[in-house]
$ cat protein_9.txt   # compact mmCIF, C-alpha atoms
# COMPACT_ATOMS: atom_id res chain seq x y z
CA MET A 1 -33.92 -39.73 30.97
CA ASP A 2 -30.72 -37.80 30.27
CA ASP A 3 -28.78 -36.67 33.36
CA CYS A 4 -28.81 -33.06 32.15
CA THR A 5 -32.56 -32.79 31.63
CA PRO A 6 -34.04 -29.86 33.68
CA GLY A 7 -36.15 -31.01 36.59
CA ASP A 8 -34.08 -34.15 37.03
CA GLY A 9 -32.32 -32.80 40.11
CA GLY A 10 -28.93 -33.71 38.57
CA VAL A 11 -26.37 -31.58 36.75
CA GLY A 12 -28.99 -29.46 35.04
CA ALA A 13 -30.53 -28.41 38.32
CA GLU A 14 -27.16 -27.53 39.82
CA ALA A 15 -26.34 -25.37 36.80
CA SER A 16 -29.64 -23.56 37.10
CA GLY A 17 -29.08 -22.86 40.78
CA SER A 18 -25.55 -21.57 40.16
CA THR A 19 -26.73 -19.21 37.45
CA ALA A 20 -29.43 -17.74 39.67
CA GLU A 21 -26.88 -17.23 42.43
CA LEU A 22 -24.49 -15.49 40.04
CA LEU A 23 -27.20 -13.17 38.75
CA ALA A 24 -28.18 -12.26 42.29
CA ARG A 25 -24.57 -11.38 43.14
CA ALA A 26 -24.18 -9.33 39.97
CA THR A 27 -27.35 -7.36 40.77
CA GLU A 28 -26.13 -6.75 44.31
CA VAL A 29 -22.77 -5.36 43.10
CA GLU A 30 -24.41 -3.28 40.37
CA SER A 31 -26.74 -1.65 42.92
CA ARG A 32 -23.67 -0.33 44.76
CA VAL A 33 -22.21 1.40 41.65
CA PRO A 34 -22.86 5.19 41.56
CA THR A 35 -25.32 6.32 38.91
CA ALA A 36 -24.19 8.37 35.89
CA SER A 37 -25.67 11.54 37.35
CA VAL A 38 -23.24 11.41 40.28
CA GLY A 39 -20.07 11.93 38.24
CA PRO A 40 -16.59 12.77 39.54
CA ARG A 41 -15.88 16.49 39.73
CA THR A 42 -12.10 16.68 39.95
CA ASP A 43 -9.45 15.48 37.48
CA GLY A 44 -8.17 13.03 40.05
CA GLU A 45 -11.63 11.61 40.63
CA ARG A 46 -12.19 11.31 36.87
CA ALA A 47 -8.94 9.42 36.43
CA THR A 48 -9.80 7.10 39.31
CA ALA A 49 -13.27 6.48 37.87
CA GLY A 50 -11.83 5.88 34.42
CA ARG A 51 -9.49 3.23 35.76
CA ALA A 52 -12.36 1.57 37.58
CA GLN A 53 -14.53 1.44 34.44
CA ARG A 54 -11.73 0.38 32.08
CA PRO A 55 -9.31 -1.97 33.89
CA ALA A 56 -5.65 -1.99 32.84
CA VAL A 57 -5.93 -5.69 31.99
CA PRO A 58 -8.98 -7.65 30.77
CA PRO A 59 -11.18 -8.93 33.61
CA TRP A 60 -10.60 -12.50 32.47
CA SER A 61 -6.81 -12.12 32.58
CA PRO A 62 -5.00 -13.93 35.46
CA GLU A 63 -3.25 -10.62 36.28
CA ALA A 64 -6.59 -8.96 36.99
CA GLY A 65 -7.09 -10.77 40.30
CA VAL A 66 -10.49 -11.54 41.81
CA PRO A 67 -12.61 -8.52 42.83
CA ALA A 68 -14.28 -8.64 46.22
CA GLY A 69 -17.51 -10.61 46.13
CA GLN A 70 -16.65 -12.31 42.84
CA GLU A 71 -14.85 -15.42 44.14
CA GLY A 72 -17.70 -17.63 42.99
CA VAL A 73 -17.67 -16.15 39.51
CA ALA A 74 -13.92 -16.63 39.19
CA ALA A 75 -14.18 -20.20 40.43
CA SER A 76 -16.88 -21.10 37.92
CA ALA A 77 -14.86 -19.57 35.09
CA ALA A 78 -11.76 -21.51 36.13
CA SER A 79 -13.67 -24.77 36.37
CA GLY A 80 -14.45 -24.67 32.66
CA SER A 81 -17.94 -26.08 33.24
CA PRO A 82 -19.99 -25.94 30.02
CA HIS A 83 -23.13 -25.20 32.05
CA THR A 84 -21.98 -22.09 33.88
CA ALA A 85 -20.47 -18.83 32.73
CA PRO A 86 -19.23 -15.79 34.61
CA THR A 87 -21.68 -12.90 34.46
CA PRO A 88 -20.00 -9.50 33.86
CA THR A 89 -20.74 -7.03 36.62
CA ALA A 90 -21.12 -3.28 36.35
CA SER A 91 -17.52 -2.74 37.46
CA PHE A 92 -16.32 -4.59 34.34
CA GLN A 93 -18.66 -3.01 31.78
CA VAL A 94 -16.79 -0.97 29.14
CA ALA A 95 -18.50 1.52 26.85
CA LEU A 96 -17.77 0.67 23.21
CA GLN A 97 -17.61 3.31 20.49
CA ASP A 98 -19.63 2.81 17.34
CA PHE A 99 -17.83 1.18 14.41
CA HIS A 100 -18.17 4.02 11.92
CA PHE A 101 -15.78 4.40 8.98
CA PRO A 102 -17.34 6.20 6.01
CA ALA A 103 -15.26 6.13 2.83
CA LEU A 104 -13.18 9.29 3.28
CA HIS A 105 -12.39 8.66 6.95
CA ASN A 106 -11.68 5.01 6.20
CA GLY A 107 -9.10 5.97 3.56
CA LEU A 108 -7.51 8.52 5.88
CA ASP A 109 -7.29 5.93 8.64
CA PHE A 110 -5.46 3.49 6.35
CA LEU A 111 -3.14 6.35 5.31
CA ARG A 112 -2.41 7.27 8.91
CA SER A 113 -1.75 3.64 9.78
CA THR A 114 0.82 3.49 6.96
CA VAL A 115 2.90 6.41 8.19
CA GLU A 116 2.65 5.26 11.81
CA LEU A 117 4.03 1.86 10.84
CA LEU A 118 6.86 3.31 8.74
CA ALA A 119 7.80 6.19 11.02
CA ARG A 120 8.33 4.17 14.19
CA GLN A 121 11.58 4.81 16.00
CA GLY A 122 14.42 2.62 14.86
CA VAL A 123 14.09 0.21 11.95
CA PRO A 124 10.46 -0.87 11.34
CA GLU A 125 9.75 -4.50 12.07
CA PRO A 126 9.05 -6.80 9.08
CA ARG A 127 5.40 -7.02 10.08
CA ASP A 128 5.20 -3.21 10.15
CA LEU A 129 6.54 -3.06 6.60
CA LYS A 130 4.09 -5.68 5.40
CA TYR A 131 1.02 -3.91 6.73
CA ALA A 132 2.32 -0.50 5.66
CA VAL A 133 2.26 -1.72 2.05
CA LEU A 134 -1.17 -3.33 2.38
CA HIS A 135 -2.68 -0.32 4.12
CA LEU A 136 -1.20 2.20 1.69
CA ARG A 137 -2.56 0.38 -1.35
CA THR A 138 -5.98 0.18 0.34
CA ALA A 139 -5.80 3.88 1.25
CA ALA A 140 -5.17 4.81 -2.38
CA GLU A 141 -8.11 2.77 -3.63
CA VAL A 142 -10.53 4.00 -0.97
CA LEU A 143 -9.57 7.69 -1.33
CA PHE A 144 -9.96 7.69 -5.12
CA LYS A 145 -13.38 6.06 -4.75
CA ALA A 146 -14.32 8.48 -1.96
CA ARG A 147 -13.79 11.38 -4.37
CA LEU A 148 -15.94 9.63 -6.96
CA GLU A 149 -18.67 9.15 -4.39
CA MET A 150 -18.61 12.84 -3.52
CA HIS A 151 -19.44 13.57 -7.15
CA ASP A 152 -21.74 10.66 -8.01
CA PRO A 153 -22.11 7.50 -5.86
CA LYS A 154 -23.06 5.43 -8.92
CA LEU A 155 -19.52 5.81 -10.30
CA VAL A 156 -18.12 3.82 -7.38
CA TRP A 157 -20.05 0.72 -8.51
CA TRP A 158 -18.37 -1.69 -10.89
CA GLU A 159 -21.54 -1.47 -12.97
CA PRO A 160 -23.01 2.01 -12.38
CA SER A 161 -26.24 1.03 -14.15
CA LYS A 162 -27.03 -1.38 -11.28
CA PHE A 163 -26.71 1.29 -8.58
CA ASP A 164 -29.02 0.79 -5.61
CA LYS A 165 -29.09 3.47 -2.94
CA ALA A 166 -30.01 1.13 -0.09
CA LYS A 167 -27.28 -1.40 -0.98
CA HIS A 168 -24.75 1.40 -1.44
CA LYS A 169 -25.47 2.71 2.04
CA VAL A 170 -24.60 -0.63 3.66
CA GLY A 171 -21.72 -1.43 1.28
CA ASP A 172 -23.45 -4.42 -0.32
CA PHE A 173 -22.05 -4.09 -3.85
CA LYS A 174 -18.99 -4.72 -6.02
CA SER A 175 -16.98 -1.53 -6.39
CA CYS A 176 -14.43 -0.49 -8.98
CA GLY A 177 -10.69 -0.74 -8.30
CA ALA A 178 -8.14 2.04 -7.90
CA GLU A 179 -7.17 2.14 -11.58
CA LYS A 180 -10.80 2.21 -12.75
CA ALA A 181 -11.55 4.94 -10.21
CA ILE A 182 -8.75 7.09 -11.65
CA GLU A 183 -10.04 6.48 -15.18
CA ARG A 184 -13.53 7.58 -14.17
CA LEU A 185 -12.19 10.66 -12.39
CA ASN A 186 -10.38 11.64 -15.57
CA GLU A 187 -13.48 10.95 -17.69
CA GLN A 188 -15.59 13.16 -15.46
CA ALA A 189 -13.02 15.94 -15.67
CA GLU A 190 -13.05 15.72 -19.47
CA ASN A 191 -16.78 15.32 -20.10
CA ASP A 192 -18.61 16.80 -17.12
CA GLY A 193 -19.12 20.54 -17.13
CA VAL A 194 -19.18 20.70 -13.32
CA PHE A 195 -16.54 18.23 -12.14
CA VAL A 196 -12.99 19.57 -11.86
CA LEU A 197 -9.79 17.58 -11.28
CA ASN A 198 -7.01 19.91 -10.18
CA MET A 199 -4.31 17.26 -10.14
CA ALA A 200 -3.19 15.02 -13.02
CA LEU A 201 -3.81 11.36 -12.22
CA ASP A 202 -2.50 8.45 -14.28
CA PRO A 203 -3.85 4.92 -13.68
CA GLU A 204 -0.51 3.59 -14.96
CA ASP A 205 1.60 5.87 -12.78
CA ALA A 206 4.88 4.00 -12.19
CA ASP A 207 4.76 4.42 -8.40
CA LEU A 208 1.14 3.27 -8.14
CA VAL A 209 1.82 0.27 -10.39
CA ALA A 210 4.90 -0.72 -8.36
CA LEU A 211 2.93 -0.48 -5.13
CA ARG A 212 0.12 -2.57 -6.64
CA GLU A 213 2.55 -5.28 -7.71
CA LEU A 214 4.21 -5.33 -4.28
CA ARG A 215 0.83 -5.52 -2.57
CA ASN A 216 -0.28 -8.37 -4.86
CA ARG A 217 2.85 -10.37 -4.11
CA LEU A 218 2.31 -9.92 -0.38
CA THR A 219 -1.39 -10.73 -0.50
CA HIS A 220 -1.42 -13.72 -2.82
CA PHE A 221 1.90 -15.38 -2.07
CA GLY A 222 4.65 -13.50 -0.27
CA CYS A 223 7.88 -11.64 -0.94
CA SER A 224 11.12 -10.48 0.64
CA ASP A 225 12.30 -6.89 0.73
CA THR A 226 14.37 -4.47 2.79
CA ALA A 227 13.12 -1.68 5.05
CA ASP A 228 14.92 0.84 2.85
CA ALA A 229 13.16 -0.43 -0.27
CA VAL A 230 9.68 -0.34 1.25
CA GLN A 231 10.10 3.17 2.64
CA ALA A 232 11.47 4.47 -0.65
CA ARG A 233 8.74 2.75 -2.66
CA THR A 234 5.87 3.95 -0.49
CA LEU A 235 7.05 7.55 -0.08
CA PRO A 236 6.03 8.80 -3.58
CA VAL A 237 2.55 7.31 -3.19
CA LEU A 238 2.13 8.90 0.24
CA VAL A 239 3.09 12.29 -1.22
CA LEU A 240 0.75 11.77 -4.18
CA LEU A 241 -2.23 10.91 -1.97
CA LEU A 242 -1.69 13.86 0.37
CA LYS A 243 -1.50 16.18 -2.63
CA PHE A 244 -4.69 14.62 -4.01
CA LEU A 245 -6.44 15.16 -0.69
CA ARG A 246 -5.28 18.76 -0.49
CA LEU A 247 -6.22 19.73 -4.08
CA ASP A 248 -9.14 17.51 -5.03
CA VAL A 249 -10.86 16.32 -1.87
CA LEU A 250 -10.63 18.87 0.94
CA PRO A 251 -12.00 21.84 -1.11
CA TYR A 252 -15.12 19.85 -2.01
CA ILE A 253 -16.20 18.67 1.44
CA ARG A 254 -19.48 20.47 2.12
CA ASP A 255 -19.65 20.05 5.88
CA ARG A 256 -17.27 22.52 7.53
CA ALA A 257 -16.87 20.41 10.68
CA GLU A 258 -15.96 17.35 8.60
CA ALA A 259 -13.51 19.41 6.52
CA TRP A 260 -11.82 20.64 9.69
CA THR A 261 -11.54 17.07 11.02
CA VAL A 262 -10.05 15.82 7.74
CA GLU A 263 -7.53 18.66 7.67
CA GLN A 264 -6.40 17.91 11.23
CA GLU A 265 -5.95 14.25 10.31
CA MET A 266 -3.90 15.23 7.25
CA ASP A 267 -1.67 17.44 9.38
CA CYS A 268 -0.96 14.49 11.69
CA ILE A 269 -0.10 12.31 8.70
CA ASN A 270 2.13 15.02 7.23
CA ALA A 271 4.04 15.43 10.49
CA GLN A 272 4.94 11.73 10.55
CA LEU A 273 5.63 11.67 6.82
CA HIS A 274 8.55 14.04 7.37
CA HIS A 275 10.36 11.29 9.30
CA ILE A 276 10.16 9.01 6.25
CA GLU A 277 11.22 11.79 3.88
CA ASP A 278 14.17 12.65 6.11
CA TYR A 279 15.24 9.01 6.24
CA VAL A 280 15.12 8.57 2.46
CA ALA A 281 17.02 11.84 1.99
CA HIS A 282 19.63 10.65 4.51
CA ARG A 283 20.13 7.37 2.62
CA LYS A 284 20.58 9.26 -0.64
CA THR A 285 23.26 11.40 0.97
CA GLU A 286 25.05 8.30 2.27
CA ILE A 287 25.36 6.74 -1.21
CA ALA A 288 25.97 9.95 -3.18
CA ASP A 289 29.72 9.36 -3.50
CA ASP A 290 29.19 5.81 -4.81
CA LEU A 291 26.93 7.11 -7.60
CA CYS A 292 28.82 10.28 -8.51
CA GLY A 293 30.27 10.12 -12.03
CA HIS A 294 28.26 7.04 -13.03
CA GLU A 295 25.01 8.79 -13.97
CA TYR A 296 25.03 7.57 -17.60
CA VAL A 297 25.32 3.92 -16.53
CA THR A 298 22.98 4.09 -13.53
CA VAL A 299 19.42 2.80 -13.77
CA ALA A 300 16.50 2.67 -11.37
CA CYS A 301 16.17 -0.25 -8.97
CA ARG A 302 13.14 -2.42 -9.64
CA THR A 303 12.56 -2.87 -5.91
CA CYS A 304 12.96 0.59 -4.37
CA GLY A 305 12.62 2.72 -7.51
CA GLN A 306 15.76 4.75 -6.79
CA ASP A 307 18.40 5.46 -9.45
CA ALA A 308 21.05 3.44 -7.65
CA VAL A 309 21.98 0.39 -9.79
CA VAL A 310 25.33 1.07 -11.45
CA LEU A 311 26.10 -0.98 -14.59
CA ASP A 312 29.83 -0.53 -14.18
CA GLY A 313 31.01 -3.13 -16.68
CA GLY A 314 31.94 -6.74 -16.12
CA ALA A 315 30.00 -6.95 -12.88
CA VAL A 316 28.93 -10.41 -11.77
CA ASP A 317 27.04 -9.25 -8.71
CA LEU A 318 25.07 -6.10 -9.51
CA LYS A 319 23.24 -4.55 -6.59
CA CYS A 320 21.26 -1.46 -5.66
CA HIS A 321 23.31 0.96 -3.58
CA PHE A 322 20.17 2.34 -1.92
CA CYS A 323 18.32 -0.76 -0.71
CA GLY A 324 20.89 -3.51 -1.22
CA LYS A 325 18.78 -5.52 -3.68
CA GLY A 326 21.04 -8.09 -5.45
CA TYR A 327 20.63 -8.67 -9.21
CA GLY A 328 23.40 -11.16 -10.03
CA THR A 329 25.11 -11.03 -13.44
CA GLY A 330 24.25 -8.55 -16.15
CA VAL A 331 22.09 -11.08 -18.01
CA GLU A 332 20.28 -12.06 -14.81
CA ALA A 333 19.82 -8.41 -13.93
CA ALA A 334 18.23 -7.60 -17.30
CA TRP A 335 15.59 -10.31 -16.81
CA GLU A 336 15.09 -9.41 -13.15
CA TYR A 337 14.55 -5.83 -14.21
CA ILE A 338 11.52 -6.72 -16.35
CA GLY A 339 10.31 -9.28 -13.83
CA GLU A 340 10.42 -12.29 -16.14
CA SER A 341 12.25 -15.60 -16.43
CA ARG A 342 14.63 -16.03 -19.39
CA HIS A 343 14.11 -19.78 -19.48
CA ILE A 344 10.31 -19.61 -19.40
CA THR A 345 10.08 -16.75 -21.88
CA ILE A 346 12.28 -18.37 -24.51
CA SER A 347 10.81 -21.87 -24.01
CA GLU A 348 7.35 -20.41 -24.67
CA GLY A 349 8.45 -18.80 -27.92
CA GLY A 350 9.45 -15.39 -26.59
CA GLU A 351 12.54 -13.44 -27.61
CA ASP A 352 15.82 -12.97 -25.80
CA PHE A 353 17.29 -9.54 -25.08
CA ASP A 354 19.25 -7.90 -27.89
CA SER A 355 22.95 -8.70 -27.81
CA CYS A 356 25.71 -6.19 -27.13
CA SER A 357 28.31 -5.53 -29.83
CA VAL A 358 30.92 -4.75 -27.14
CA CYS A 359 30.68 -7.68 -24.68
CA GLY A 360 28.45 -10.06 -26.67
CA ASP A 361 25.96 -10.71 -23.87
CA SER A 362 22.25 -10.70 -24.61
CA ALA A 363 21.48 -8.07 -22.01
CA VAL A 364 20.67 -4.84 -23.87
CA ALA A 365 17.52 -3.09 -22.63
CA TYR A 366 15.83 0.12 -23.72
CA LEU A 367 15.42 2.32 -20.65
CA PRO A 368 16.34 5.73 -19.20
CA THR A 369 19.39 6.39 -17.04
CA ALA A 370 19.95 8.69 -14.10
CA ALA A 371 21.66 11.18 -16.43
CA GLU A 372 18.67 11.36 -18.79
CA PRO A 373 15.58 10.22 -16.87
CA ASP A 374 13.17 11.38 -19.57
CA THR A 375 14.97 9.75 -22.51
CA ALA A 376 15.39 6.02 -22.99
CA SER A 377 18.52 4.54 -24.56
CA HIS A 378 19.89 1.10 -25.47
CA ILE A 379 22.14 0.14 -22.56
CA CYS A 380 23.85 -3.16 -21.78
CA PHE A 381 23.35 -4.52 -18.26
CA SER A 382 26.55 -6.53 -18.50
CA CYS A 383 29.10 -3.90 -19.52
CA GLY A 384 27.21 -0.62 -19.28
CA SER A 385 27.76 0.29 -22.94
CA ASP A 386 25.30 2.83 -24.33
CA HIS A 387 24.36 2.07 -27.95
CA ALA A 388 22.89 4.19 -30.71
CA GLY A 389 20.38 1.50 -31.63
CA VAL A 390 19.74 -2.13 -32.57
CA CYS A 391 20.24 -3.59 -36.03
CA ASP A 392 16.99 -5.02 -37.38
CA TYR A 393 18.92 -7.71 -39.30
CA CYS A 394 21.31 -9.23 -36.74
CA GLN A 395 19.54 -7.98 -33.56
CA GLN A 396 22.80 -6.62 -32.20
CA ALA A 397 23.07 -3.27 -30.44
CA GLY A 398 25.79 -0.90 -31.62
CA ASP A 399 26.49 1.95 -34.00
CA LEU A 400 24.10 2.16 -36.92
CA ALA A 401 25.44 2.73 -40.42
CA PHE A 402 22.30 2.90 -42.49
CA THR A 403 18.57 3.45 -42.09
CA ILE A 404 16.00 2.35 -44.65
CA LYS A 405 13.47 5.10 -44.14
CA ASP A 406 10.71 3.63 -46.29
CA MET A 407 10.82 0.37 -44.31
CA GLY A 408 11.70 1.91 -40.97
CA GLU A 409 14.63 -0.46 -40.48
CA ASP A 410 18.10 0.17 -39.04
CA MET A 411 21.27 -1.57 -40.16
CA CYS A 412 24.60 -1.89 -38.35
CA GLU A 413 28.00 -1.44 -40.07
CA ASP A 414 28.65 -5.19 -40.45
CA CYS A 415 25.27 -5.94 -42.03
CA TYR A 416 25.55 -2.90 -44.28
CA ALA A 417 29.03 -3.92 -45.45
CA TYR A 418 27.87 -7.51 -46.08
CA ARG A 419 24.97 -6.40 -48.25
CA LEU A 420 27.05 -3.80 -50.04
CA ALA A 421 29.61 -6.44 -50.96
CA LYS A 422 26.97 -8.32 -52.98
CA PHE A 423 26.68 -5.56 -55.53

$ encode --input "protein_9.txt" --output "structure tokens"
Amino acid sequence: MDDCTPGDGGVGAEASGSTAELLARATEVESRVPTASVGPRTDGERATAGRAQRPAVPPWSPEAGVPAGQEGVAASAASGSPHTAPTPTASFQVALQDFHFPALHNGLDFLRSTVELLARQGVPEPRDLKYAVLHLRTAAEVLFKARLEMHDPKLVWWEPSKFDKAKHKVGDFKSCGAEKAIERLNEQAENDGVFVLNMALDPEDADLVALRELRNRLTHFGCSDTADAVQARTLPVLVLLLKFLRLDVLPYIRDRAEAWTVEQEMDCINAQLHHIEDYVAHRKTEIADDLCGHEYVTVACRTCGQDAVVLDGGAVDLKCHFCGKGYGTGVEAAWEYIGESRHITISEGGEDFDSCSVCGDSAVAYLPTAAEPDTASHICFSCGSDHAGVCDYCQQAGDLAFTIKDMGEDMCEDCYAYRLAKF
């Protein structure tokens, strides 16, 4: 017979006796604890009682010490015996709150976590920045879906036709993503006679897309960034979500008590958001002199989104003045800007950037500058030259001499002169 078989009188019997002894001691201590009806009446007594119920350190921590009458329990825990375990007594019991995060409150909690991580005194730690990005992206997705649920819970499901009320209540279903939620919000605003969307939402909003890409890199692989870049990149999304809450969520909460709670939470988030806004504004002031006069050759940074990358001509080490992101040479910067590899793209049959008629580098991109943020132009990342267009015959950017309207093609001066010479 095995040594641990009950009734053998060996190890099993000893374990049984120890357990009974522990339970007896626990019952004895618990009987000495005042009942709930005899509560403390003064603030001092409440504080003392609170400390007794919720110790400063976990009961199993070495710093906690051994309460009177619990020497045997502590000894059995320290022995590591697989047959005995310390029994918690009433003095160590802690009341746990219910785990309750419905959609709207869940999204608000992620939003609050974001600003708390970013608005900490001093420079946020790398881990703070990481989770700020992850939590903000999650907040956006949850809040858009929460508004859909307020209108029609079926719309939150990836396949609304499969909606099941019981499964929805416990969260046992595949939901739509943030972009799909925005699309459905817009569809409801266009086609539903009751639903109203007071704020314009775009699933391809540049700030939301940039945040999604940053979140994906962090979640599925990893990335490196600066504190300045993360704060600048997250700020527009934080502002967007607070505006969305104010215009399109808060007015449609039916329960007045819930609406009041949500508004108080938003006020707390807003108060901390000001620290981030002030910091970004301060950084802009610090670099203002470096950018002044270069507006027509300044483009937005791919990392932080700020108009702070100056294409000053002949640069071999372009960088963002706001966040410090390095881009390398003009050619490298052009490819970095679109997030692709020149070698891979060309080897797989893709096209190179258009070449510049001034410096000759293949680094001409079509994008807006700080001077004209709403109008794109052909600008060279290597020398900063702004071109009228790109010749459809030699693929070189420069001044255009002729346009074939019927064919929609542009021709530079050299190509035009070459063809004219044939006649």

$ atom_distance --input "protein_9.txt" --atom1 "CA of Arg147 in chain A" --atom2 "CA of Val209 in chain A"
20.1 Å

$ residues_around --input "protein_9.txt" --residues "range 272-280 of chain A" --least-positions-apart "2" --cutoff "8 Å" --atoms "only C-alpha atoms" --output "compact mmCIF listing (two decimals) with C-alpha atoms, in the coordinates of the input"
# COMPACT_ATOMS: atom_id res chain seq x y z
CA VAL A 115 2.90 6.41 8.19
CA GLU A 116 2.65 5.26 11.81
CA LEU A 118 6.86 3.31 8.74
CA ALA A 119 7.80 6.19 11.02
CA ASP A 228 14.92 0.84 2.85
CA GLN A 231 10.10 3.17 2.64
CA ALA A 232 11.47 4.47 -0.65
CA LEU A 235 7.05 7.55 -0.08
CA LEU A 238 2.13 8.90 0.24
CA CYS A 268 -0.96 14.49 11.69
CA ILE A 269 -0.10 12.31 8.70
CA ASN A 270 2.13 15.02 7.23
CA HIS A 282 19.63 10.65 4.51
CA ARG A 283 20.13 7.37 2.62
CA LYS A 284 20.58 9.26 -0.64

$ atom_distance --input "protein_9.txt" --atom1 "CA of Leu111 in chain A" --atom2 "CA of Ala132 in chain A"
8.8 Å

$ closest_residue --input "protein_9.txt" --among "A:Cys356, A:Val237, A:Cys415, A:Leu185" --to "Gly384 in chain A" --atoms "only C-alpha atoms"
A:Cys356

$ residues_around --input "protein_9.txt" --residues "range 302-317 of chain A" --least-positions-apart "4" --cutoff "9 Å" --atoms "all atoms listed in the file" --output "number ranges by chain"
A: 207, 210, 214, 225-226, 228-234, 287, 290-291, 294-298, 321-323, 325-330, 333, 336-339, 359, 369-370, 379-385

$ atom_distance --input "protein_9.txt" --atom1 "CA of Pro251 in chain A" --atom2 "CA of Gly193 in chain A"
17.6 Å

$ closest_residue --input "protein_9.txt" --among "A:Phe221, A:Trp335, A:Tyr252, A:Tyr131" --to "Arg112 in chain A" --atoms "only C-alpha atoms"
A:Tyr131

$ closest_residue --input "protein_9.txt" --among "A:Leu108, A:Leu117, A:Val194, A:Ala227" --to "Asp152 in chain A" --atoms "only C-alpha atoms"
A:Val194

$ residues_around --input "protein_9.txt" --residues "range 347-355 of chain A" --least-positions-apart "4" --cutoff "9 Å" --atoms "only C-alpha atoms" --output "compact mmCIF listing (two decimals) with C-alpha atoms, in the coordinates of the input"
# COMPACT_ATOMS: atom_id res chain seq x y z
CA VAL A 331 22.09 -11.08 -18.01
CA ALA A 334 18.23 -7.60 -17.30
CA TRP A 335 15.59 -10.31 -16.81
CA ARG A 342 14.63 -16.03 -19.39
CA HIS A 343 14.11 -19.78 -19.48
CA CYS A 359 30.68 -7.68 -24.68
CA GLY A 360 28.45 -10.06 -26.67
CA ASP A 361 25.96 -10.71 -23.87
CA SER A 362 22.25 -10.70 -24.61
CA ALA A 363 21.48 -8.07 -22.01
CA VAL A 364 20.67 -4.84 -23.87
CA ALA A 365 17.52 -3.09 -22.63
CA CYS A 380 23.85 -3.16 -21.78
CA VAL A 390 19.74 -2.13 -32.57
CA GLN A 395 19.54 -7.98 -33.56
CA GLN A 396 22.80 -6.62 -32.20
CA ALA A 397 23.07 -3.27 -30.44

$ closest_residue --input "protein_9.txt" --among "A:Asp128, A:Asp399, A:Glu149, A:Glu332" --to "Ile253 in chain A" --atoms "only C-alpha atoms"
A:Glu149

$ closest_residue --input "protein_9.txt" --among "A:Val299, A:Gly398, A:Lys162, A:Met150" --to "Pro373 in chain A" --atoms "all atoms listed in the file"
A:Val299

$ closest_residue --input "protein_9.txt" --among "A:Cys412, A:Ala178, A:Ala417, A:Ala139" --to "Tyr393 in chain A" --atoms "all atoms listed in the file"
A:Cys412

$ residues_around --input "protein_9.txt" --residues "Val196 in chain A" --least-positions-apart "2" --cutoff "12 Å" --atoms "all atoms listed in the file" --output "list in words"
Arg147, Leu148, His151, Leu185, Asn186, Glu187, Gln188, Ala189, Glu190, Asn191, Asp192, Gly193, Val194, Asn198, Met199, Ala200, Leu247, Asp248, Val249, Pro251 and Tyr252 of chain A
